[in-house]
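Participant: Okay, here's the structure, questions in a sec.
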Amino acid sequence: MGMFDRLVPKKKQPQKPQQEFRQYISGAGACIVSKSVLERRTALRWLFREDNGIGNGWVAFGASDTQEYLDQAENLAVVDFNTLANVEPAVLNVLYLPVGADLEFKSDQSGKYFVDTKTGKEIREPVKHPGQAAFEKNLKFLNQTSYPAEFFRGLFEKDDLLEPFVIGEADFPSGEIVLADPLVYLGDRKYSTFLNRTIPTGAHPVELSICRSPIVGLRVAAAKLKISSRPVKGYELAMPRGYTVEQLNQPGVFSFFGVDAGMACFCDAAVADEYAVFLEKWSGENPGKNRYDDYFAHEFSRSYEAHPQVQREGGDFTVWKLPESGHRIAMFASGMGDGIYSGYWALDSKGEPVELIVPFINPQYFRG
């Protein structure tokens with residue numbers, strides 16, 4: 001090599017620009033993709049979901065993939081679903097379709113979309129997560145004036161989805177019931193719902209319907225205050241004190257109570273007043289502290305340690321005693337969380353209360 005060759009720099013060969021890798025989604029699971037698609041040697045063409053025991057079950061093949069090519073295991077790769085989304089972001093639209101989905105990917109002047117090969121239906125918008133779809137249906141289902149008796153009975157019948165569980169007893173020294181979010185509204189007479197019927201004074205068991213949903217996990221489907229062992233003959237919407245069901249559509253008349261901290265409770269009216277005094281004293285002694293994080297979280301954690309099989313980690317229910325009087329309040333998670341919920345009286349043949357039930361979810365929507 002001469003001097004000239006050393007002084008003149010070599011001409012660099014142009015390099016292909018690298019594709020930017022983006023984090024479209026996390027925790028979506030693994031999927032099977034042909035290497036021809038991953039390496040962008042062919043366009044995505046087929047996408048189907050099966051119960052194959054690998055990740056989320058999605059499988060993606062390309063337009064030029066032959067059966068001979070796919071029969072060779074070395075031509076397939078198991079990758080995170082986000083990797084497939086980097087090849088074709090449109091797959092995010094169909095992530096939540098169920099097992100059995102069989103799709104063809106198309107791209108034309110109208111855009112990119114999938115076609116259901118079984119029905120011919122075009123899928124151009126994101127398919128909702130099953131939990132989100134169930135949540136929206138549940139919102140429309142709640143707070144109706146009445147439901148079939150079978151719905152209320154079914155909430156507390158053990159099956160593959162539901163498990164009734166008695167969490168303890170709540171005390172009712174006055175016999176007047178308050179429904180409220182215990183972490184936000186209980187003790188505030190303006191925002192608590194005092195019911196129109198009273199019950200015998202004393203201690204009454206509280207039973208929860210524990211729902212093990214395959215799409216949203218473990219949830220409290222409903223709560224029941226057990227007042228009597230007499231047979232139930234009918235159900236009635238529980239109205240606030242001073243109002244009847246017939247007045248429900250009048251301005252300012254409603255049946256529900258609000259939840260803003262994901263919790264509800266069964267409490268006696270007199271005990272609610274004691275609770276207000278407790279909160280005021282505790283807040284004064286603990287300035288700047290949070291009543292849940294710095295006090296009640298411990299109570300729920302103790303409940304979880306005692307009954308981990310029927311609640312989420314951290315605790316979904318507790319029967320808490322007021323330090324001064326020892327009166328008990330039953331506190332429990334409200335289904336899918338914040339919202340508005342109504343109570344329903346179960347009545348005997350004489351029209352007297354036998355139970356008080358608060359449904360939080362319709363379990364059938366959450367079967368998956």
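Ligands are numbered from 1 in the order shown, residues from 1 within each chain, and chains are lettered A, B, ... in the order they appear in the structure tokens.
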Do you know which residues are at most 8 Å from Asp171 (chain A) counting only C-alpha atoms, after dropping those on the same chain fewer than 6 positions away, and could you put them as an MDAnalysis selection string?

Facilitator: chainID A and resid 201:204 267:268 327:329

Participant: Write to file, as an mmCIF file, in the first residue's frame, the residues of the selection just made, with all heavy atoms.

Facilitator:
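Done, and the output landed in result-v6.cif:
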```
data_model
loop_
_atom_site.group_PDB
_atom_site.id
_atom_site.type_symbol
_atom_site.label_atom_id
_atom_site.label_comp_id
_atom_site.auth_asym_id
_atom_site.auth_seq_id
_atom_site.Cartn_x
_atom_site.Cartn_y
_atom_site.Cartn_z
ATOM 1 N N THR A 201 -82.362 -3.784 67.639
ATOM 2 C CA THR A 201 -81.049 -3.407 68.173
ATOM 3 C C THR A 201 -80.248 -4.653 68.539
ATOM 4 O O THR A 201 -80.810 -5.725 68.777
ATOM 5 C CB THR A 201 -81.210 -2.514 69.413
ATOM 6 O OG1 THR A 201 -81.955 -3.240 70.403
ATOM 7 C CG2 THR A 201 -81.945 -1.230 69.061
ATOM 8 N N GLY A 202 -78.937 -4.494 68.560
ATOM 9 C CA GLY A 202 -78.065 -5.609 68.898
ATOM 10 C C GLY A 202 -76.997 -5.825 67.841
ATOM 11 O O GLY A 202 -76.769 -4.967 66.978
ATOM 12 N N ALA A 203 -76.348 -6.981 67.905
ATOM 13 C CA ALA A 203 -75.278 -7.331 66.967
ATOM 14 C C ALA A 203 -75.841 -8.186 65.842
ATOM 15 O O ALA A 203 -76.636 -9.109 66.100
ATOM 16 C CB ALA A 203 -74.168 -8.079 67.692
ATOM 17 N N HIS A 204 -75.446 -7.904 64.601
ATOM 18 C CA HIS A 204 -75.940 -8.649 63.445
ATOM 19 C C HIS A 204 -74.768 -9.058 62.556
ATOM 20 O O HIS A 204 -73.846 -8.259 62.318
ATOM 21 C CB HIS A 204 -76.941 -7.822 62.652
ATOM 22 C CG HIS A 204 -78.167 -7.448 63.427
ATOM 23 N ND1 HIS A 204 -79.149 -8.358 63.759
ATOM 24 C CD2 HIS A 204 -78.567 -6.259 63.960
ATOM 25 C CE1 HIS A 204 -80.111 -7.750 64.442
ATOM 26 N NE2 HIS A 204 -79.769 -6.475 64.585
ATOM 27 N N CYS A 267 -73.208 0.482 59.276
ATOM 28 C CA CYS A 267 -72.957 1.158 60.552
ATOM 29 C C CYS A 267 -74.268 1.634 61.150
ATOM 30 O O CYS A 267 -75.202 2.003 60.426
ATOM 31 C CB CYS A 267 -72.008 2.336 60.328
ATOM 32 S SG CYS A 267 -71.523 3.223 61.833
ATOM 33 N N ASP A 268 -74.334 1.653 62.446
ATOM 34 C CA ASP A 268 -75.478 2.193 63.172
ATOM 35 C C ASP A 268 -75.364 3.721 63.227
ATOM 36 O O ASP A 268 -74.255 4.275 63.273
ATOM 37 C CB ASP A 268 -75.489 1.621 64.586
ATOM 38 C CG ASP A 268 -76.675 2.098 65.396
ATOM 39 O OD1 ASP A 268 -77.747 1.474 65.286
ATOM 40 O OD2 ASP A 268 -76.513 3.095 66.134
ATOM 41 N N HIS A 327 -68.072 -0.504 70.139
ATOM 42 C CA HIS A 327 -69.041 -0.775 69.080
ATOM 43 C C HIS A 327 -68.320 -1.068 67.769
ATOM 44 O O HIS A 327 -67.320 -0.432 67.436
ATOM 45 C CB HIS A 327 -69.993 0.415 68.895
ATOM 46 C CG HIS A 327 -70.988 0.549 69.990
ATOM 47 N ND1 HIS A 327 -71.390 1.773 70.507
ATOM 48 C CD2 HIS A 327 -71.670 -0.389 70.704
ATOM 49 C CE1 HIS A 327 -72.278 1.584 71.469
ATOM 50 N NE2 HIS A 327 -72.472 0.286 71.612
ATOM 51 N N ARG A 328 -68.862 -2.035 67.006
ATOM 52 C CA ARG A 328 -68.199 -2.511 65.804
ATOM 53 C C ARG A 328 -68.857 -1.979 64.525
ATOM 54 O O ARG A 328 -70.080 -1.904 64.436
ATOM 55 C CB ARG A 328 -68.193 -4.034 65.789
ATOM 56 C CG ARG A 328 -67.361 -4.661 66.901
ATOM 57 C CD ARG A 328 -67.652 -6.138 67.055
ATOM 58 N NE ARG A 328 -69.009 -6.363 67.556
ATOM 59 C CZ ARG A 328 -69.525 -7.570 67.798
ATOM 60 N NH1 ARG A 328 -68.789 -8.661 67.586
ATOM 61 N NH2 ARG A 328 -70.753 -7.699 68.245
ATOM 62 N N ILE A 329 -67.992 -1.646 63.566
ATOM 63 C CA ILE A 329 -68.420 -1.212 62.235
ATOM 64 C C ILE A 329 -67.822 -2.176 61.219
ATOM 65 O O ILE A 329 -66.624 -2.464 61.257
ATOM 66 C CB ILE A 329 -67.930 0.217 61.918
ATOM 67 C CG1 ILE A 329 -68.415 1.207 62.971
ATOM 68 C CG2 ILE A 329 -68.385 0.654 60.527
ATOM 69 C CD1 ILE A 329 -67.819 2.609 62.819
#
```

Participant: Mind listing the strand (DSSP E) residues of region 96-221 of chain A, per DSSP on the backbone, as a ChimeraX atom specification?

Facilitator: /A:102-108,111-116,122-123,162-172,176-180,193-198,202-213,217-221

Participant: So, with only C-alpha atoms as the atoms that count, which of A:Thr66, A:Asn56, A:Asn196, A:Gln144 lies closest to Thr42 (chain A)?

Facilitator: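 Going through A:Thr66, A:Asn56, A:Asn196, A:Gln144 one by one, the smallest distance to Thr42 (chain A) is for A:Thr66.
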
Participant: Between region 82-201 of chain A and region 270-285 of chain A, at 12 Å or less, what are the per-residue closest atom pairs and their distances in Å? Count only C-alpha atoms, order by chain and rising residue number, and return it as a tab-separated table.

Facilitator:
```
residue	atom	partner	partner_atom	distance
A:Ala170	CA	A:Val271	CA	10.1
A:Asp171	CA	A:Val271	CA	8.1
A:Phe172	CA	A:Val271	CA	7.5
A:Pro173	CA	A:Ala270	CA	7.1
A:Ser174	CA	A:Ala270	CA	6.2
A:Gly175	CA	A:Ala270	CA	8.7
A:Glu176	CA	A:Ala270	CA	7.8
A:Ile177	CA	A:Ala270	CA	9.1
A:Val178	CA	A:Ala272	CA	7.5
A:Leu179	CA	A:Ala272	CA	9.9
A:Ala180	CA	A:Ala272	CA	9.7
A:Asp181	CA	A:Ala272	CA	11.4
A:Pro182	CA	A:Ala272	CA	9.2
A:Leu183	CA	A:Leu279	CA	9.9
A:Val184	CA	A:Leu279	CA	10.8
A:Tyr185	CA	A:Ala276	CA	9.6
A:Leu186	CA	A:Ala272	CA	6.3
A:Gly187	CA	A:Ala276	CA	4.4
A:Asp188	CA	A:Ala276	CA	7.2
A:Arg189	CA	A:Asp273	CA	8.6
A:Tyr191	CA	A:Ala272	CA	12.0
A:Ser192	CA	A:Ala272	CA	9.3
A:Thr193	CA	A:Ala272	CA	11.0
A:Phe194	CA	A:Ala272	CA	10.3
A:Thr201	CA	A:Ala270	CA	11.3
```

Participant: Let me see the file: selected residues, N, CA, C and O atoms, as a short mmCIF file (atom, residue, chain, number, x, y, z; two decimals), in the first residue's frame.

Facilitator:
```
data_model
loop_
_atom_site.label_atom_id
_atom_site.label_comp_id
_atom_site.auth_asym_id
_atom_site.auth_seq_id
_atom_site.Cartn_x
_atom_site.Cartn_y
_atom_site.Cartn_z
N ALA A 170 -71.62 -6.61 63.28
CA ALA A 170 -71.61 -5.17 63.50
C ALA A 170 -72.67 -4.85 64.56
O ALA A 170 -73.67 -5.56 64.68
N ASP A 171 -72.43 -3.78 65.31
CA ASP A 171 -73.33 -3.43 66.42
C ASP A 171 -74.30 -2.31 66.02
O ASP A 171 -73.89 -1.32 65.40
N PHE A 172 -75.56 -2.48 66.43
CA PHE A 172 -76.60 -1.51 66.11
C PHE A 172 -77.38 -1.15 67.38
O PHE A 172 -78.50 -1.63 67.62
N PRO A 173 -76.80 -0.30 68.21
CA PRO A 173 -77.47 0.07 69.48
C PRO A 173 -78.73 0.89 69.28
O PRO A 173 -79.61 0.89 70.15
N SER A 174 -78.86 1.61 68.14
CA SER A 174 -80.08 2.39 67.90
C SER A 174 -81.01 1.70 66.92
O SER A 174 -82.20 2.01 66.86
N GLY A 175 -80.48 0.79 66.11
CA GLY A 175 -81.30 0.10 65.11
C GLY A 175 -81.47 0.89 63.82
O GLY A 175 -82.13 0.41 62.89
N GLU A 176 -80.86 2.07 63.73
CA GLU A 176 -80.94 2.86 62.51
C GLU A 176 -79.65 2.65 61.71
O GLU A 176 -78.55 2.81 62.26
N ILE A 177 -79.78 2.32 60.43
CA ILE A 177 -78.63 1.94 59.62
C ILE A 177 -78.14 3.11 58.78
O ILE A 177 -78.94 3.85 58.19
N VAL A 178 -76.82 3.22 58.71
CA VAL A 178 -76.17 4.21 57.85
C VAL A 178 -75.33 3.47 56.81
O VAL A 178 -74.58 2.55 57.13
N LEU A 179 -75.48 3.89 55.54
CA LEU A 179 -74.63 3.40 54.46
C LEU A 179 -73.73 4.55 54.02
O LEU A 179 -74.22 5.65 53.75
N ALA A 180 -72.42 4.30 53.97
CA ALA A 180 -71.50 5.38 53.62
C ALA A 180 -70.13 4.80 53.32
O ALA A 180 -69.84 3.64 53.62
N ASP A 181 -69.29 5.61 52.70
CA ASP A 181 -67.87 5.29 52.56
C ASP A 181 -67.23 5.62 53.91
O ASP A 181 -67.21 6.78 54.33
N PRO A 182 -66.70 4.63 54.64
CA PRO A 182 -66.20 4.89 55.99
C PRO A 182 -64.93 5.74 56.04
O PRO A 182 -64.62 6.32 57.08
N LEU A 183 -64.23 5.83 54.92
CA LEU A 183 -62.99 6.59 54.91
C LEU A 183 -63.18 8.04 54.46
O LEU A 183 -62.29 8.87 54.63
N VAL A 184 -64.37 8.33 53.92
CA VAL A 184 -64.62 9.69 53.40
C VAL A 184 -65.86 10.33 54.02
O VAL A 184 -65.81 11.48 54.47
N TYR A 185 -66.97 9.60 54.08
CA TYR A 185 -68.24 10.22 54.43
C TYR A 185 -68.85 9.78 55.76
O TYR A 185 -69.71 10.49 56.30
N LEU A 186 -68.49 8.63 56.28
CA LEU A 186 -69.10 8.18 57.53
C LEU A 186 -68.80 9.16 58.65
O LEU A 186 -67.66 9.57 58.84
N GLY A 187 -69.82 9.52 59.39
CA GLY A 187 -69.67 10.52 60.45
C GLY A 187 -70.08 11.90 60.01
O GLY A 187 -70.29 12.79 60.85
N ASP A 188 -70.24 12.08 58.71
CA ASP A 188 -70.72 13.35 58.15
C ASP A 188 -72.19 13.16 57.80
O ASP A 188 -72.53 12.50 56.82
N ARG A 189 -73.09 13.72 58.59
CA ARG A 189 -74.52 13.50 58.39
C ARG A 189 -75.04 14.02 57.05
O ARG A 189 -76.03 13.52 56.53
N TYR A 191 -73.52 13.77 54.14
CA TYR A 191 -73.16 12.91 53.01
C TYR A 191 -73.33 11.42 53.29
O TYR A 191 -73.01 10.59 52.45
N SER A 192 -73.83 11.06 54.46
CA SER A 192 -74.14 9.66 54.76
C SER A 192 -75.60 9.40 54.47
O SER A 192 -76.43 10.31 54.55
N THR A 193 -75.95 8.15 54.14
CA THR A 193 -77.33 7.79 53.83
C THR A 193 -77.94 7.04 55.01
O THR A 193 -77.56 5.90 55.30
N PHE A 194 -78.90 7.67 55.71
CA PHE A 194 -79.62 7.06 56.81
C PHE A 194 -80.86 6.39 56.22
O PHE A 194 -81.68 7.07 55.58
N THR A 201 -82.36 -3.78 67.64
CA THR A 201 -81.05 -3.41 68.17
C THR A 201 -80.25 -4.65 68.54
O THR A 201 -80.81 -5.73 68.78
#
```

Participant: Neighbouring residues of Lys128 (chain A) were defined as those with any atom within 9 Å, considering only C-alpha atoms; residues of the same chain fewer than 6 positions away were excluded. Please report them as a list in words.

Facilitator: Asn93, Val94, Leu95, Tyr96 and Leu97 of chain A

Participant: Output C-alpha atoms for every residue in that selection, as a PDB file, in the first residue's frame.

Facilitator:
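After the write, selection26.pdb holds the following:
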```pdb
ATOM      1  CA  ASN A  93     -56.159  -2.885  18.678  1.00  0.00           C
ATOM      2  CA  VAL A  94     -56.908  -6.596  19.007  1.00  0.00           C
ATOM      3  CA  LEU A  95     -54.813  -7.585  22.033  1.00  0.00           C
ATOM      4  CA  TYR A  96     -57.866  -8.217  24.214  1.00  0.00           C
ATOM      5  CA  LEU A  97     -59.794 -10.423  21.807  1.00  0.00           C
TER       6      LEU A  97
END
```

Participant: I'd like the interatomic distance between CA of Val33 (chain A) and CA of Ala77 (chain A), to a tenth of an Å.

Facilitator: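 Interatomic distance, CA of Val33 (chain A) to CA of Ala77 (chain A): 5.4 Å.
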
Participant: With only C-alpha atoms as the basis for distance, which of A:Leu38, A:Val166, A:Leu161, A:Cys31 is at the shortest distance from Gln364 (chain A)?

Facilitator: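 The answer is A:Leu161, which sits nearest to Gln364 (chain A).
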
Participant: Could you state the separation of CA of Ala101 (chain A) and CA of Ala133 (chain A) in Å, given to one decimal place?

Facilitator: 17.5 Å

Participant: Write out as CSV a residue-level contact list of region 165-205 of chain A versus region 303-312 of chain A with cut-off 12 Å: for each qualifying residue the closest pair of atoms and the distance in Å to one decimal, counting only C-alpha atoms, rows sorted by chain and residue number upward.

Facilitator:
```
residue,atom,partner,partner_atom,distance
A:Phe165,CA,A:Val310,CA,7.9
A:Val166,CA,A:Val310,CA,10.6
A:Ile167,CA,A:Ser303,CA,9.3
A:Gly168,CA,A:Ser303,CA,11.1
```

Participant: CA of Lys233 (chain A) to CA of Ser349 (chain A): how many Å, to one decimal?

Facilitator: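 Going from CA of Lys233 (chain A) over to CA of Ser349 (chain A), I get 5.6 Å.
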
Participant: Neighbours of Leu208 (chain A) within 8 Å (only C-alpha atoms; same-chain residues fewer than 4 positions away dropped), as a compact mmCIF listing (two decimals) with N, CA, C and O atoms, in the first residue's frame?

Facilitator:
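Result file follows (around21.txt):
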```txt
# COMPACT_ATOMS: atom_id res chain seq x y z
N PHE A 156 -75.29 -14.93 46.88
CA PHE A 156 -74.74 -15.57 48.07
C PHE A 156 -74.84 -17.09 48.01
O PHE A 156 -74.86 -17.76 49.04
N PRO A 164 -69.60 -17.19 49.56
CA PRO A 164 -70.07 -16.38 50.70
C PRO A 164 -69.12 -16.51 51.87
O PRO A 164 -68.59 -17.59 52.14
N PHE A 165 -68.90 -15.39 52.58
CA PHE A 165 -67.97 -15.41 53.72
C PHE A 165 -68.45 -14.43 54.78
O PHE A 165 -68.60 -13.23 54.51
N VAL A 166 -68.71 -14.92 55.98
CA VAL A 166 -69.14 -14.08 57.10
C VAL A 166 -67.89 -13.47 57.74
O VAL A 166 -67.00 -14.18 58.20
N ILE A 167 -67.83 -12.13 57.77
CA ILE A 167 -66.63 -11.46 58.28
C ILE A 167 -66.74 -11.12 59.77
O ILE A 167 -65.73 -10.74 60.39
N VAL A 220 -65.21 -8.03 45.97
CA VAL A 220 -66.40 -8.18 46.80
C VAL A 220 -67.61 -7.87 45.91
O VAL A 220 -67.80 -6.74 45.48
N ALA A 221 -68.40 -8.90 45.63
CA ALA A 221 -69.54 -8.74 44.72
C ALA A 221 -70.73 -8.09 45.41
O ALA A 221 -71.49 -7.34 44.79
N ALA A 222 -70.90 -8.37 46.70
CA ALA A 222 -72.05 -7.83 47.44
C ALA A 222 -71.80 -7.99 48.93
O ALA A 222 -70.97 -8.80 49.36
N ALA A 223 -72.54 -7.20 49.71
CA ALA A 223 -72.48 -7.29 51.18
C ALA A 223 -73.89 -7.48 51.70
O ALA A 223 -74.85 -6.91 51.17
N LYS A 224 -74.01 -8.28 52.75
CA LYS A 224 -75.32 -8.57 53.33
C LYS A 224 -75.27 -8.40 54.84
O LYS A 224 -74.37 -8.93 55.52
```

Participant: If you run DSSP on the backbone here, which positions in region 45-194 of chain A get alpha helix (DSSP H)? Please write them as a PyMOL selection string.

Facilitator: chain A and resi 67-70+81-87+130-141+149-155

Participant: Quick one: of A:Arg124, A:Arg41, A:Lys137, A:Lys190, who's nearest to Leu92 (chain A), counting only C-alpha atoms?

Facilitator: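 Of A:Arg124, A:Arg41, A:Lys137, A:Lys190, the one nearest Leu92 (chain A), counting only C-alpha atoms, is A:Arg124.
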
Participant: Determine, counting only C-alpha atoms, which protein, DNA and RNA residues have an atom within 12 Å of an atom of His298 (chain A); residues of the same chain fewer than 4 positions away are not included. Present the result as a PyMOL selection string.

Facilitator: chain A and resi 291-294+302-305+314-318+320

Participant: Keeping only N, CA and C atoms, take the residues you just selected and write them out as a short mmCIF file (atom, residue, chain, number, x, y, z; two decimals), in the first residue's frame.

Facilitator:
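Final output, saved to out26.cif:
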```cif
data_model
loop_
_atom_site.label_atom_id
_atom_site.label_comp_id
_atom_site.auth_asym_id
_atom_site.auth_seq_id
_atom_site.Cartn_x
_atom_site.Cartn_y
_atom_site.Cartn_z
N ARG A 291 -55.88 9.15 57.50
CA ARG A 291 -56.62 8.20 58.33
C ARG A 291 -56.53 6.77 57.80
N TYR A 292 -56.35 6.61 56.48
CA TYR A 292 -56.19 5.24 55.98
C TYR A 292 -54.75 4.77 56.12
N ASP A 293 -53.83 5.48 55.48
CA ASP A 293 -52.43 5.05 55.47
C ASP A 293 -51.85 4.91 56.87
N ASP A 294 -52.22 5.83 57.75
CA ASP A 294 -51.59 5.87 59.07
C ASP A 294 -52.42 5.23 60.18
N ARG A 302 -54.26 -6.66 59.07
CA ARG A 302 -54.49 -7.71 60.06
C ARG A 302 -55.59 -8.66 59.59
N SER A 303 -56.60 -8.10 58.96
CA SER A 303 -57.67 -8.92 58.42
C SER A 303 -57.16 -9.84 57.32
N TYR A 304 -56.29 -9.29 56.47
CA TYR A 304 -55.72 -10.09 55.39
C TYR A 304 -54.89 -11.25 55.95
N GLU A 305 -54.12 -10.97 56.97
CA GLU A 305 -53.29 -12.01 57.57
C GLU A 305 -54.14 -13.14 58.16
N GLY A 314 -53.29 -6.84 51.44
CA GLY A 314 -53.54 -5.53 52.04
C GLY A 314 -54.87 -5.47 52.73
N GLY A 315 -55.79 -6.38 52.33
CA GLY A 315 -57.08 -6.47 53.01
C GLY A 315 -58.22 -5.80 52.29
N ASP A 316 -59.36 -6.48 52.21
CA ASP A 316 -60.57 -5.94 51.60
C ASP A 316 -61.69 -5.72 52.59
N PHE A 317 -61.50 -6.15 53.83
CA PHE A 317 -62.57 -5.95 54.82
C PHE A 317 -61.99 -6.00 56.23
N THR A 318 -62.74 -5.41 57.13
CA THR A 318 -62.40 -5.49 58.56
C THR A 318 -63.66 -5.18 59.37
N TRP A 320 -64.17 -3.33 62.62
CA TRP A 320 -63.36 -2.46 63.47
C TRP A 320 -64.13 -2.01 64.70
#
```

Participant: Considering only C-alpha atoms, state which residue in the set A:Ala60, A:Ala28, A:Val354, A:Val216 is at the smallest distance from Arg197 (chain A).

Facilitator: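 Checking each candidate against Arg197 (chain A), we get A:Val354 as the closest.
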
Participant: Which residue, A:Gly368, A:Val319, A:Gly252, A:Thr244, has the smallest gap to Pro130 (chain A) when you use only C-alpha atoms?

Facilitator: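 Using only C-alpha atoms, Pro130 (chain A) sits closest to A:Gly368.
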
Participant: Find the spatial neighbours of Asp51 (chain A), counting only C-alpha atoms, within a cut-off of 8 Å - ignore same-chain residues fewer than 3 positions away - and output them as an NGL selection string.

Facilitator: :A and (54 or 57 or 99)

Participant: Can I get the selected residues back with N, CA and C atoms, as a compact mmCIF listing (two decimals), in the first residue's frame?

Facilitator:
```
# COMPACT_ATOMS: atom_id res chain seq x y z
N ILE A 54 -48.42 -20.71 25.82
CA ILE A 54 -47.27 -19.81 25.65
C ILE A 54 -47.75 -18.37 25.75
N GLY A 57 -50.95 -16.31 24.10
CA GLY A 57 -51.59 -17.17 23.10
C GLY A 57 -51.63 -16.63 21.69
N VAL A 99 -59.41 -16.01 23.27
CA VAL A 99 -58.87 -17.20 22.62
C VAL A 99 -59.87 -17.68 21.57
```

Participant: Which is closer to Tyr243 (chain A) than all the others in A:Phe48, A:Asn143, A:Gly258, A:Leu195, using only C-alpha atoms?

Facilitator: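 Residue with the minimum atom-to-atom distance to Tyr243 (chain A): A:Leu195.
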